[in-house]
file target35.cif (mmCIF, C-alpha atoms)
data_run
loop_
_atom_site.label_atom_id
_atom_site.label_comp_id
_atom_site.auth_asym_id
_atom_site.auth_seq_id
_atom_site.Cartn_x
_atom_site.Cartn_y
_atom_site.Cartn_z
CA MET O 1 -12.10 -20.51 16.85
CA ARG O 2 -9.19 -22.67 17.84
CA LYS O 3 -7.87 -22.63 14.33
CA THR O 4 -7.91 -18.84 14.05
CA PHE O 5 -6.08 -18.64 17.35
CA PHE O 6 -3.38 -20.86 15.94
CA THR O 7 -3.12 -18.86 12.73
CA ARG O 8 -2.68 -15.72 14.79
CA PHE O 9 -0.07 -17.38 16.94
CA PHE O 10 1.73 -18.53 13.83
CA LEU O 11 1.61 -15.03 12.41
CA VAL O 12 3.20 -13.49 15.49
CA GLY O 13 5.86 -16.19 15.43
CA THR O 14 6.77 -15.49 11.82
CA LEU O 15 7.01 -11.80 12.61
CA LEU O 16 9.47 -12.49 15.39
CA LEU O 17 11.45 -14.62 13.00
CA ALA O 18 11.52 -11.72 10.57
CA GLN O 19 13.25 -9.53 13.14
CA PHE O 20 15.89 -12.17 13.74
CA THR O 21 16.68 -12.78 10.08
CA PHE O 22 16.98 -9.06 9.35
CA ALA O 23 19.14 -8.57 12.39
CA LYS O 24 21.46 -11.42 11.48
CA GLU O 25 21.83 -10.21 7.94
CA GLN O 26 22.86 -6.76 9.05
CA GLU O 27 25.31 -8.04 11.58
CA HIS O 28 27.27 -9.91 8.94
CA LYS O 29 27.34 -6.91 6.69
CA THR O 30 28.71 -4.56 9.31
CA GLU O 31 31.41 -7.00 10.27
CA GLY O 32 32.67 -7.22 6.71
CA HIS O 33 33.77 -3.65 6.18
CA ASP O 34 33.73 -0.81 8.63
CA LYS O 35 31.78 1.69 6.57
CA ASP O 36 29.83 4.48 8.25
CA LEU O 37 27.15 2.61 10.15
CA LYS O 38 24.37 5.16 9.70
CA THR O 39 24.69 5.33 5.92
CA GLU O 40 24.82 1.57 5.77
CA ILE O 41 21.57 1.24 7.73
CA LYS O 42 19.97 3.87 5.48
CA GLU O 43 21.09 1.99 2.37
CA TYR O 44 19.79 -1.24 3.82
CA ILE O 45 16.36 0.24 4.53
CA SER O 46 16.03 1.86 1.12
CA HIS O 47 17.10 -1.38 -0.52
CA HIS O 48 14.45 -3.28 1.44
CA LEU O 49 11.72 -0.87 0.31
CA LYS O 50 12.56 -1.31 -3.36
CA ASP O 51 11.50 -3.91 -5.84
CA SER O 52 14.27 -6.25 -6.99
CA HIS O 53 15.04 -8.55 -9.88
CA ASP O 54 15.90 -11.55 -7.71
CA PHE O 55 14.14 -13.19 -4.81
CA SER O 56 16.83 -13.10 -2.14
CA LEU O 57 16.04 -14.50 1.29
CA PHE O 58 19.19 -13.32 3.01
CA SER O 59 22.85 -12.63 2.32
CA TYR O 60 26.07 -12.66 4.27
CA THR O 61 29.79 -12.03 3.80
CA LYS O 62 32.28 -14.86 4.14
CA GLU O 63 35.50 -14.52 6.06
CA ASN O 64 37.44 -13.98 2.85
CA GLY O 65 35.16 -11.05 1.96
CA GLU O 66 33.03 -12.91 -0.57
CA HIS O 67 29.31 -12.08 -0.64
CA LYS O 68 26.97 -15.04 -0.37
CA TYR O 69 23.32 -14.70 -1.36
CA VAL O 70 20.62 -17.19 -0.50
CA GLY O 71 17.58 -17.02 -2.76
CA PHE O 72 16.59 -17.70 -6.32
CA PRO O 73 16.80 -15.69 -9.55
CA LEU O 74 13.75 -14.44 -11.46
CA PRO O 75 13.24 -14.02 -15.22
CA VAL O 76 14.16 -10.68 -16.75
CA ILE O 77 12.07 -9.63 -19.73
CA LEU O 78 13.28 -6.59 -21.67
CA TRP O 79 12.02 -4.88 -24.79
CA ASP O 80 15.06 -3.42 -26.52
CA ASN O 81 14.66 -3.69 -30.31
CA GLY O 82 13.08 -7.08 -29.79
CA LEU O 83 12.23 -9.23 -26.83
CA LYS O 84 15.13 -10.23 -24.56
CA VAL O 85 14.46 -12.88 -21.96
CA PHE O 86 17.15 -14.10 -19.57
CA SER O 87 17.60 -15.09 -15.95
CA SER O 88 18.50 -12.44 -13.38
CA SER O 89 21.29 -14.74 -12.13
CA LYS O 90 23.35 -13.23 -14.99
CA PHE O 91 23.57 -10.00 -12.99
CA HIS O 92 25.00 -11.72 -9.91
CA HIS O 93 23.08 -9.24 -7.72
CA GLY O 94 24.37 -6.24 -9.63
CA GLU O 95 28.01 -7.31 -9.41
CA THR O 96 28.47 -8.28 -13.05
CA ILE O 97 27.24 -7.19 -16.48
CA ALA O 98 24.77 -9.40 -18.31
CA GLU O 99 25.46 -10.00 -22.01
CA VAL O 100 22.50 -10.99 -24.19
CA ASP O 101 22.68 -11.15 -28.02
CA GLY O 102 25.62 -8.73 -28.09
CA ASN O 103 23.90 -6.20 -25.82
CA HIS O 104 25.21 -5.43 -22.33
CA TYR O 105 22.95 -4.66 -19.39
CA LYS O 106 23.84 -3.55 -15.88
CA LEU O 107 21.85 -3.33 -12.68
CA TYR O 108 22.23 0.05 -11.01
CA HIS O 109 20.09 0.77 -7.91
CA SER O 110 17.65 -2.03 -8.89
CA LYS O 111 17.11 -0.56 -12.37
CA ILE O 112 18.41 -2.07 -15.61
CA TYR O 113 20.55 0.14 -17.87
CA LYS O 114 22.13 -0.59 -21.23
CA THR O 115 25.92 -0.27 -21.12
CA ASP O 116 29.05 -1.25 -23.02
CA SER O 117 31.11 -4.34 -22.22
CA GLU O 118 32.91 -2.56 -19.33
CA GLY O 119 29.63 -1.53 -17.74
CA THR O 120 30.31 2.20 -17.65
CA ILE O 121 27.45 4.34 -16.46
CA ASN O 122 27.43 8.01 -17.45
CA TYR O 123 25.98 10.59 -15.11
CA ASP O 124 24.57 14.07 -15.61
CA GLU O 125 25.22 16.99 -13.25
CA GLU O 126 22.75 15.73 -10.66
CA HIS O 127 24.32 12.28 -10.59
CA HIS O 128 21.46 10.65 -12.49
CA PRO O 129 22.48 7.97 -15.00
CA THR O 130 22.07 9.01 -18.63
CA ASN O 131 22.34 5.50 -20.06
CA VAL O 132 19.48 4.06 -22.12
CA LYS O 133 16.86 2.28 -20.04
CA PRO O 134 15.22 -0.57 -21.97
CA LEU O 135 11.51 -1.20 -21.35
CA ASP O 136 11.40 -3.56 -18.39
CA PHE O 137 8.60 -6.15 -18.21
CA SER O 138 10.48 -8.43 -15.81
CA ILE O 139 8.86 -10.80 -13.35
CA THR O 140 10.26 -8.98 -10.32
CA LYS O 141 9.81 -9.83 -6.65
CA ASN O 142 6.65 -7.74 -6.41
CA VAL O 143 5.17 -9.33 -9.52
CA VAL O 144 5.84 -12.80 -8.09
CA MET O 145 4.07 -11.81 -4.89
CA ILE O 146 1.07 -10.42 -6.78
CA ILE O 147 0.78 -13.66 -8.77
CA VAL O 148 1.09 -15.74 -5.58
CA THR O 149 -1.59 -13.66 -3.83
CA GLY O 150 -3.84 -13.88 -6.87
CA LEU O 151 -3.51 -17.65 -7.04
CA LEU O 152 -4.02 -17.96 -3.28
CA MET O 153 -7.22 -15.92 -3.46
CA LEU O 154 -8.44 -17.85 -6.48
CA TRP O 155 -7.86 -21.16 -4.71
CA LEU O 156 -9.21 -20.00 -1.34
CA PHE O 157 -12.44 -18.44 -2.55
CA THR O 158 -13.31 -21.01 -5.22
CA SER O 159 -12.84 -23.80 -2.68
CA LEU O 160 -14.98 -21.84 -0.19
CA ALA O 161 -17.69 -21.44 -2.83
CA ARG O 162 -17.60 -25.17 -3.51
CA SER O 163 -17.83 -26.01 0.19
CA TYR O 164 -20.80 -23.65 0.56
CA ALA O 165 -22.56 -25.32 -2.36
CA LYS O 166 -21.92 -28.75 -0.87
CA ASN O 167 -23.09 -27.90 2.66
CA ASN O 168 -26.20 -25.92 1.66
CA GLY O 169 -24.73 -22.57 2.70
CA ILE O 170 -23.35 -23.60 6.06
CA PRO O 171 -19.77 -22.38 6.54
CA THR O 172 -17.05 -24.88 7.40
CA GLY O 173 -13.35 -24.47 8.15
CA ALA O 174 -11.91 -21.24 6.81
CA GLY O 175 -15.40 -20.18 5.81
CA ARG O 176 -16.18 -19.52 9.43
CA PHE O 177 -13.39 -17.00 9.51
CA PHE O 178 -14.13 -15.34 6.19
CA GLU O 179 -17.92 -15.27 6.24
CA PRO O 180 -18.26 -12.46 8.83
CA ILE O 181 -15.71 -10.38 6.93
CA VAL O 182 -17.54 -10.79 3.63
CA LEU O 183 -20.86 -10.03 5.31
CA TYR O 184 -19.36 -6.98 7.01
CA ILE O 185 -18.21 -5.61 3.66
CA ARG O 186 -21.65 -6.20 2.20
CA ASP O 187 -23.78 -4.95 5.07
CA ASP O 188 -21.65 -2.22 6.61
CA ILE O 189 -19.60 -0.93 3.71
CA ALA O 190 -21.43 -1.50 0.43
CA ARG O 191 -25.11 -1.22 1.40
CA PRO O 192 -25.09 2.02 3.41
CA ASN O 193 -22.66 3.80 1.07
CA ILE O 194 -23.85 2.69 -2.36
CA GLY O 195 -27.51 2.06 -1.71
CA GLU O 196 -29.79 -0.96 -1.77
CA LYS O 197 -30.52 -0.69 -5.48
CA ARG O 198 -27.04 -0.79 -6.97
CA TYR O 199 -24.67 -2.23 -4.38
CA LYS O 200 -24.63 -5.73 -5.90
CA LYS O 201 -22.87 -4.55 -9.01
CA TYR O 202 -19.86 -3.32 -7.00
CA MET O 203 -19.55 -6.19 -4.53
CA PRO O 204 -17.07 -8.33 -6.56
CA PHE O 205 -14.69 -5.39 -6.92
CA LEU O 206 -14.94 -4.34 -3.27
CA LEU O 207 -14.34 -7.86 -1.97
CA THR O 208 -11.45 -8.46 -4.35
CA ILE O 209 -9.71 -5.21 -3.52
CA PHE O 210 -10.20 -5.70 0.22
CA PHE O 211 -8.72 -9.19 0.35
CA PHE O 212 -6.00 -8.38 -2.18
CA ILE O 213 -4.73 -5.41 -0.19
CA TRP O 214 -5.11 -7.18 3.13
CA PHE O 215 -3.22 -10.29 2.04
CA LEU O 216 -0.45 -8.28 0.44
CA ASN O 217 -0.10 -6.11 3.54
CA ILE O 218 0.15 -9.22 5.72
CA PHE O 219 2.67 -10.80 3.34
CA GLY O 220 4.74 -7.65 3.72
CA LEU O 221 5.09 -8.42 7.43
CA THR O 222 6.31 -12.01 7.03
CA PRO O 223 10.05 -12.82 7.01
CA LEU O 224 10.05 -12.44 3.24
CA GLY O 225 9.19 -8.81 3.92
CA ILE O 226 8.02 -7.99 0.41
CA ASN O 227 6.81 -4.45 0.34
CA VAL O 228 4.24 -4.76 -2.48
CA THR O 229 1.56 -2.33 -1.31
CA GLY O 230 4.36 0.10 -0.41
CA ASN O 231 5.13 0.38 -4.12
CA ILE O 232 3.52 3.46 -5.63
CA ALA O 233 2.99 1.83 -9.03
CA ILE O 234 0.80 -0.87 -7.50
CA THR O 235 -1.30 1.48 -5.40
CA PHE O 236 -1.59 3.65 -8.50
CA ALA O 237 -3.01 0.72 -10.47
CA LEU O 238 -5.49 -0.08 -7.68
CA ALA O 239 -6.65 3.54 -7.42
CA LEU O 240 -6.91 3.74 -11.22
CA MET O 241 -9.37 0.85 -11.16
CA THR O 242 -11.51 2.65 -8.59
CA PHE O 243 -11.32 5.80 -10.71
CA LEU O 244 -12.35 4.03 -13.92
CA ILE O 245 -15.19 2.08 -12.30
CA THR O 246 -16.50 5.23 -10.59
CA ASN O 247 -16.61 7.20 -13.80
CA PHE O 248 -17.77 4.48 -16.18
CA THR O 249 -20.67 3.45 -13.96
CA GLY O 250 -21.63 7.04 -13.12
CA THR O 251 -25.30 7.87 -13.56
CA LYS O 252 -26.68 10.87 -15.43
CA ASP O 253 -27.16 12.66 -12.13
CA TYR O 254 -23.55 12.08 -11.18
CA TRP O 255 -22.34 13.85 -14.29
CA MET O 256 -24.93 16.57 -13.82
CA HIS O 257 -23.45 17.07 -10.37
CA GLN O 258 -20.00 17.50 -11.90
CA PHE O 259 -20.89 19.98 -14.63
CA ASN O 260 -24.12 21.54 -13.43
CA PRO O 261 -24.01 21.29 -9.63
CA LEU O 262 -26.73 23.88 -8.97
CA GLY O 263 -29.31 22.28 -11.26
CA ASN O 264 -32.32 24.32 -12.28
CA THR O 265 -32.49 26.40 -9.14
CA MET O 266 -31.37 29.65 -10.79
CA PRO O 267 -31.21 31.24 -14.28
CA TRP O 268 -28.22 30.39 -16.47
CA TYR O 269 -26.69 33.89 -16.44
CA ALA O 270 -26.50 33.84 -12.65
CA LYS O 271 -24.69 30.53 -12.76
CA ILE O 272 -21.80 31.70 -14.97
CA PRO O 273 -19.71 33.52 -12.31
CA LEU O 274 -20.26 30.68 -9.86
CA TYR O 275 -19.42 27.94 -12.33
CA ILE O 276 -16.11 29.54 -13.26
CA ILE O 277 -14.98 28.49 -9.77
CA LEU O 278 -17.26 25.57 -9.02
CA VAL O 279 -16.85 23.36 -12.11
CA PRO O 280 -13.01 23.32 -12.07
CA ILE O 281 -13.13 22.36 -8.38
CA GLU O 282 -15.56 19.52 -9.10
CA ILE O 283 -13.40 18.26 -11.97
CA LEU O 284 -10.26 18.51 -9.84
CA GLY O 285 -12.10 16.55 -7.16
CA LEU O 286 -12.59 13.69 -9.63
CA PHE O 287 -8.81 13.20 -9.74
CA ILE O 288 -7.98 14.11 -6.16
CA LYS O 289 -10.20 11.32 -4.79
CA PRO O 290 -8.29 8.38 -6.33
CA PHE O 291 -5.02 10.25 -5.84
CA SER O 292 -5.58 10.44 -2.09
CA LEU O 293 -6.41 6.70 -2.14
CA LEU O 294 -3.13 5.82 -3.79
CA ILE O 295 -1.00 8.11 -1.62
CA ARG O 296 -2.61 6.91 1.61
CA LEU O 297 -2.02 3.22 1.05
CA TYR O 298 1.50 3.73 -0.33
CA ALA O 299 2.58 6.12 2.43
CA ASN O 300 1.14 4.05 5.25
CA MET O 301 2.81 0.83 4.20
CA GLN O 302 6.07 2.55 3.30
CA ALA O 303 6.14 4.43 6.63
CA GLY O 304 5.38 1.25 8.56
CA HIS O 305 8.29 -0.58 6.96
CA ILE O 306 10.66 2.34 7.49
CA VAL O 307 9.76 2.58 11.19
CA LEU O 308 10.16 -1.15 11.68
CA MET O 309 13.54 -1.28 9.95
CA SER O 310 14.80 1.81 11.75
CA LEU O 311 13.95 0.29 15.12
CA ILE O 312 15.90 -2.81 14.18
CA GLY O 313 18.74 -0.51 13.13
CA LEU O 314 18.79 0.94 16.66
CA MET O 315 20.44 -2.28 17.78
CA PHE O 316 23.60 -1.42 15.86
CA ILE O 317 23.69 2.24 16.82
CA PHE O 318 23.44 1.70 20.59
CA LYS O 319 26.22 -0.91 20.76
CA SER O 320 25.45 -1.76 24.39
CA TRP O 321 23.33 -4.23 26.31
CA LEU O 322 20.53 -1.65 26.28
CA GLY O 323 20.12 -1.62 22.51
CA SER O 324 19.00 -5.13 21.69
CA PRO O 325 16.14 -5.52 24.17
CA LEU O 326 14.93 -1.99 23.49
CA SER O 327 14.99 -2.46 19.75
CA PHE O 328 13.39 -5.90 20.07
CA PHE O 329 10.45 -4.75 22.19
CA LEU O 330 9.84 -1.60 20.15
CA ALA O 331 9.97 -3.59 16.90
CA PHE O 332 7.65 -6.19 18.41
CA ALA O 333 5.12 -3.55 19.46
CA ILE O 334 5.29 -1.84 16.07
CA SER O 335 4.83 -5.20 14.34
CA LEU O 336 1.61 -5.73 16.28
CA ILE O 337 0.42 -2.26 15.33
CA GLU O 338 1.34 -3.02 11.72
CA ILE O 339 -0.97 -6.04 11.73
CA LEU O 340 -3.77 -3.68 12.72
CA VAL O 341 -2.68 -1.13 10.09
CA ALA O 342 -2.63 -3.86 7.43
CA LEU O 343 -6.31 -4.53 8.09
CA LEU O 344 -7.20 -0.88 8.59
CA GLN O 345 -5.70 0.26 5.30
CA ALA O 346 -7.50 -2.48 3.38
CA TYR O 347 -10.71 -1.41 5.13
CA ILE O 348 -10.18 2.30 4.43
CA PHE O 349 -9.43 1.65 0.75
CA THR O 350 -12.58 -0.46 0.38
CA MET O 351 -14.66 1.97 2.40
CA LEU O 352 -13.61 5.04 0.40
CA SER O 353 -14.01 3.16 -2.91
CA ALA O 354 -17.55 2.29 -1.83
CA LEU O 355 -18.15 5.93 -0.91
CA TYR O 356 -17.02 7.07 -4.36
CA PHE O 357 -19.18 4.44 -6.04
CA GLY O 358 -22.02 5.79 -3.92
CA PHE O 359 -21.40 9.28 -5.34
CA ALA O 360 -21.38 7.81 -8.83
CA SER O 361 -24.74 6.09 -8.37
CA GLU O 362 -26.61 9.00 -6.86
CA GLU O 363 -30.05 9.52 -8.30
CA HIS O 364 -32.53 12.32 -8.48
CA GLU O 365 -34.80 11.06 -5.75
CA HIS O 366 -32.50 12.67 -3.17
CA GLU O 367 -33.54 16.05 -4.47
CA HIS O 368 -37.23 15.22 -4.20
CA GLU O 369 -36.68 14.14 -0.62
CA ALA O 370 -34.98 17.43 0.10
CA GLU O 371 -37.88 19.35 -1.44
CA VAL O 372 -40.39 17.48 0.69
CA ALA O 373 -38.32 18.22 3.76
CA HIS O 374 -38.39 21.94 3.05
CA MET P 1 17.87 18.59 3.61
CA GLU P 2 17.03 22.13 4.51
CA ILE P 3 16.04 22.99 8.04
CA PRO P 4 12.91 25.08 7.12
CA VAL P 5 11.47 22.07 5.30
CA MET P 6 12.02 19.84 8.29
CA VAL P 7 10.51 22.38 10.70
CA GLY P 8 7.53 22.79 8.40
CA ALA P 9 7.01 19.04 8.22
CA GLY P 10 7.21 18.88 12.00
CA LEU P 11 4.58 21.59 12.34
CA VAL P 12 2.30 19.75 9.92
CA VAL P 13 2.70 16.55 11.90
CA ILE P 14 1.84 18.40 15.13
CA GLY P 15 -1.30 19.72 13.44
CA VAL P 16 -2.23 16.28 12.15
CA GLY P 17 -1.72 14.80 15.61
CA LEU P 18 -3.95 17.42 17.21
CA GLY P 19 -6.56 16.91 14.52
CA ILE P 20 -6.71 13.13 14.82
CA GLY P 21 -6.66 13.44 18.61
CA ARG P 22 -9.70 15.70 18.49
CA ILE P 23 -11.52 13.33 16.16
CA GLY P 24 -10.79 10.38 18.44
CA GLY P 25 -11.82 12.31 21.56
CA SER P 26 -15.06 13.54 20.02
CA ALA P 27 -15.86 10.05 18.79
CA MET P 28 -15.34 8.71 22.32
CA GLU P 29 -17.74 11.31 23.72
CA ALA P 30 -20.26 10.57 21.02
CA ILE P 31 -20.07 6.84 21.71
CA ALA P 32 -20.47 7.48 25.44
CA ARG P 33 -23.62 9.50 24.73
CA GLN P 34 -25.06 7.10 22.19
CA PRO P 35 -23.56 3.64 22.52
CA GLU P 36 -26.06 2.21 20.04
CA ALA P 37 -24.58 4.39 17.24
CA TYR P 38 -21.10 2.90 17.83
CA GLY P 39 -20.69 1.45 14.32
CA LYS P 40 -21.68 4.58 12.47
CA ILE P 41 -19.54 6.85 14.64
CA GLN P 42 -16.54 4.59 14.25
CA THR P 43 -16.86 4.55 10.46
CA ALA P 44 -17.13 8.32 10.26
CA MET P 45 -14.20 8.68 12.65
CA LEU P 46 -11.97 6.38 10.61
CA ILE P 47 -12.77 8.17 7.35
CA ALA P 48 -12.03 11.60 8.83
CA ALA P 49 -8.84 10.35 10.47
CA ALA P 50 -7.69 8.74 7.23
CA LEU P 51 -8.25 11.94 5.29
CA ILE P 52 -6.19 13.98 7.75
CA GLU P 53 -3.50 11.33 7.95
CA GLY P 54 -2.96 11.70 4.19
CA ILE P 55 -1.85 15.30 4.71
CA GLY P 56 0.61 14.19 7.39
CA PHE P 57 2.16 11.68 5.03
CA ALA P 58 2.38 14.28 2.29
CA ALA P 59 4.39 16.44 4.71
CA LEU P 60 6.65 13.55 5.68
CA PHE P 61 7.39 12.79 2.05
CA ALA P 62 8.24 16.41 1.38
CA VAL P 63 11.18 16.04 3.78
#
call {"tool": "encode", "arguments": {"input": "target35.cif", "output": "structure tokens"}}
result
Amino acid sequence: MRKTFFTRFFLVGTLLLAQFTFAKEQEHKTEGHDKDLKTEIKEYISHHLKDSHDFSLFSYTKENGEHKYVGFPLPVILWDNGLKVFSSSKFHHGETIAEVDGNHYKLYHSKIYKTDSEGTINYDEEHHPTNVKPLDFSITKNVVMIIVTGLLMLWLFTSLARSYAKNNGIPTGAGRFFEPIVLYIRDDIARPNIGEKRYKKYMPFLLTIFFFIWFLNIFGLTPLGINVTGNIAITFALALMTFLITNFTGTKDYWMHQFNPLGNTMPWYAKIPLYIILVPIEILGLFIKPFSLLIRLYANMQAGHIVLMSLIGLMFIFKSWLGSPLSFFLAFAISLIEILVALLQAYIFTMLSALYFGFASEEHEHEHEAEVAH
Amino acid sequence: MEIPVMVGAGLVVIGVGLGIGRIGGSAMEAIARQPEAYGKIQTAMLIAAALIEGIGFAALFAV
């Protein structure tokens, strides 16, 4: 118990630190050049929400106007008539053009474009770049965080399994913290929603997705502030897995429910007018379910980060003694709520996935029960 | 950004707020009546709230 208290205390401390580092960073930027403050804060927030090709911790402007970045570069992997691998330090945070094997690449709004040696970017009428975009398989900031979380989970849960084997199933250390969570997912999420007969098959997926989302959400709140679950591509991949598992493990009755929802209760010619409406809705429902999963997680995490950053931005808009304490306490309160949201979103994703798996493993005995009841 | 879009998004958010408020209130009443069903009521409440919340976010992203 004492240990968990300390981890919580540590977590709150790191969050506070996050506010300070962000605040400091912005201060330096605004001092450098007196651009419109509101647009600068907007740019800063949108930059924070995006994925990037280098792992920057913070940046500041020197007195002579030179930008200083603290962080480390990440590998860039491009497919452009052959594999091109180079370090993202060649971009100098988007300030220079990288030259690899006679090809020139430029970072523009965190995306890599192919350019000439001057780095010209052509735009269409709507100010979208028309330059060629090579296929980008880079190890970006988000990818690094996914790998780190994956390794952390692998290490944590294999070592827990080993400690359980050694102590004859008695939890020790971190196991005392994680055992109730694992049991909760089994007994309160998987069993009631999927059913006693088939829940075991889905347990590995449910546990993995729960801890993966939870850890990534929590990592997003640390000073590194990496918004991985607020990236729509990642939530899309997670929802796609739920979608594929639901449909590939679906029973005969599940598919009957999709294409023949009324069963043998009425003659086929009576079903035709109904099915013209009913079957498209059922098929649409197949795709709407995972779609709502992906939008919910993405939007919640994105919105949380936007609110947090905007509250920190208040400090620079008020420009009086009122601003800093107000912004600090609001940001602090929102950070605490975000810790709750981080857990809640992981729970909701797992819960709804389990619900969909439950639909996929429905069996005919429900109908018999209903008949008996009538 | 056009003003009708923003007003529409605001209206949607008001609706979402009322909806989630009703769900929360009803869940409170239900728990008060049947404290032993706390877990089940809470789960159902969270699912319903999450589904409504999705619509609110859709509206916010339309802005």
call {"tool": "atom_distance", "arguments": {"input": "target35.cif", "atom1": "CA of Tyr38 (chain P)", "atom2": "CA of Arg176 (chain O)"}}
result
24.4 Å
call {"tool": "resolve_selection", "arguments": {"input": "target35.cif", "expression": "the PyMOL selection byres ((chain O) within 9 of (chain P))", "output": "PyMOL selection string"}}
result
chain O and resi 188+292-293+295-296+299-300+303+344-345+348+351-352
call {"tool": "residues_around", "arguments": {"input": "target35.cif", "residues": "Phe86 (chain O)", "least_positions_apart": "6", "cutoff": "12 Å", "atoms": "all atoms listed in the file", "output": "PDB file with C-alpha atoms, keeping the file's coordinate frame"}}
result
ATOM      1  CA  HIS O  53      15.040  -8.550  -9.880  1.00  0.00           C
ATOM      2  CA  PRO O  73      16.800 -15.690  -9.550  1.00  0.00           C
ATOM      3  CA  LEU O  74      13.750 -14.440 -11.460  1.00  0.00           C
ATOM      4  CA  PRO O  75      13.240 -14.020 -15.220  1.00  0.00           C
ATOM      5  CA  VAL O  76      14.160 -10.680 -16.750  1.00  0.00           C
ATOM      6  CA  ILE O  77      12.070  -9.630 -19.730  1.00  0.00           C
ATOM      7  CA  LEU O  78      13.280  -6.590 -21.670  1.00  0.00           C
ATOM      8  CA  TRP O  79      12.020  -4.880 -24.790  1.00  0.00           C
ATOM      9  CA  ALA O  98      24.770  -9.400 -18.310  1.00  0.00           C
ATOM     10  CA  GLU O  99      25.460 -10.000 -22.010  1.00  0.00           C
ATOM     11  CA  VAL O 100      22.500 -10.990 -24.190  1.00  0.00           C
ATOM     12  CA  ASP O 101      22.680 -11.150 -28.020  1.00  0.00           C
ATOM     13  CA  TYR O 105      22.950  -4.660 -19.390  1.00  0.00           C
ATOM     14  CA  PHE O 137       8.600  -6.150 -18.210  1.00  0.00           C
ATOM     15  CA  SER O 138      10.480  -8.430 -15.810  1.00  0.00           C
ATOM     16  CA  ILE O 139       8.860 -10.800 -13.350  1.00  0.00           C
TER      17      ILE O 139
END
call {"tool": "atom_distance", "arguments": {"input": "target35.cif", "atom1": "CA of Gly17 (chain P)", "atom2": "CA of Pro325 (chain O)"}}
result
28.4 Å
call {"tool": "residues_around", "arguments": {"input": "target35.cif", "residues": "Met301 (chain O)", "least_positions_apart": "4", "cutoff": "8 Å", "atoms": "all atoms listed in the file", "output": "list in words"}}
result
Asn217, Asn227, Thr229, Gly230, Leu297, His305 and Ala342 of chain O
call {"tool": "resolve_selection", "arguments": {"input": "target35.cif", "expression": "the PyMOL selection byres ((chain P and resi 18-21) around 10)", "output": "PyMOL selection string"}}
result
chain P and resi 12-17+22-27+45-46+48-53
call {"tool": "atom_distance", "arguments": {"input": "target35.cif", "atom1": "CA of Gln302 (chain O)", "atom2": "CA of Ile45 (chain O)"}}
result
10.6 Å
call {"tool": "closest_residue", "arguments": {"input": "target35.cif", "among": "O:Pro273, O:Phe349, O:Asp116, O:Lys141", "to": "Leu224 (chain O)", "atoms": "all atoms listed in the file"}}
result
O:Lys141
call {"tool": "resolve_selection", "arguments": {"input": "target35.cif", "expression": "the PyMOL selection byres ((chain O and resi 333) around 12)", "output": "PyMOL selection string"}}
result
chain O and resi 12+15-16+19+304+307-308+311+326-332+334-340
call {"tool": "residues_around", "arguments": {"input": "target35.cif", "residues": "Thr96 (chain O)", "least_positions_apart": "4", "cutoff": "12 Å", "atoms": "all atoms listed in the file", "output": "PyMOL selection string"}}
result
chain O and resi 88-92+104-108+115+117-120
call {"tool": "closest_residue", "arguments": {"input": "target35.cif", "among": "O:Thr130, O:Asn231, O:Thr242, O:Thr208", "to": "Asp51 (chain O)", "atoms": "only C-alpha atoms"}}
result
O:Asn231
call {"tool": "closest_residue", "arguments": {"input": "target35.cif", "among": "O:Trp155, O:Thr222, O:Lys62, O:Leu135", "to": "Lys84 (chain O)", "atoms": "all atoms listed in the file"}}
result
O:Leu135
call {"tool": "closest_residue", "arguments": {"input": "target35.cif", "among": "O:Phe215, O:Tyr44, O:Phe357, O:Trp255", "to": "Gly150 (chain O)", "atoms": "all atoms listed in the file"}}
result
O:Phe215
call {"tool": "closest_residue", "arguments": {"input": "target35.cif", "among": "P:Ala59, P:Met28, P:Ile41, P:Arg33", "to": "Val7 (chain P)", "atoms": "all atoms listed in the file"}}
result
P:Ala59
call {"tool": "decode", "arguments": {"input": "target35.cif", "residues": "region 42-48 of chain O", "atoms": "N, CA and C atoms", "output": "PDB file, in the first residue's frame"}}
result
ATOM      1  N   LYS O  42      -1.454  28.893 -30.302  1.00  0.00           N
ATOM      2  CA  LYS O  42      -2.164  27.908 -31.128  1.00  0.00           C
ATOM      3  C   LYS O  42      -1.165  26.997 -31.828  1.00  0.00           C
ATOM      4  N   GLU O  43      -0.140  27.595 -32.427  1.00  0.00           N
ATOM      5  CA  GLU O  43       0.880  26.817 -33.130  1.00  0.00           C
ATOM      6  C   GLU O  43       1.567  25.852 -32.179  1.00  0.00           C
ATOM      7  N   TYR O  44       1.833  26.364 -30.980  1.00  0.00           N
ATOM      8  CA  TYR O  44       2.531  25.546 -29.988  1.00  0.00           C
ATOM      9  C   TYR O  44       1.700  24.326 -29.610  1.00  0.00           C
ATOM     10  N   ILE O  45       0.384  24.555 -29.404  1.00  0.00           N
ATOM     11  CA  ILE O  45      -0.490  23.446 -29.022  1.00  0.00           C
ATOM     12  C   ILE O  45      -0.579  22.435 -30.152  1.00  0.00           C
ATOM     13  N   SER O  46      -0.772  22.926 -31.389  1.00  0.00           N
ATOM     14  CA  SER O  46      -0.929  21.974 -32.493  1.00  0.00           C
ATOM     15  C   SER O  46       0.374  21.226 -32.731  1.00  0.00           C
ATOM     16  N   HIS O  47       1.494  21.874 -32.472  1.00  0.00           N
ATOM     17  CA  HIS O  47       2.775  21.181 -32.617  1.00  0.00           C
ATOM     18  C   HIS O  47       2.905  20.076 -31.557  1.00  0.00           C
ATOM     19  N   HIS O  48       2.451  20.376 -30.348  1.00  0.00           N
ATOM     20  CA  HIS O  48       2.541  19.396 -29.266  1.00  0.00           C
ATOM     21  C   HIS O  48       1.695  18.167 -29.564  1.00  0.00           C
TER      22      HIS O  48
END
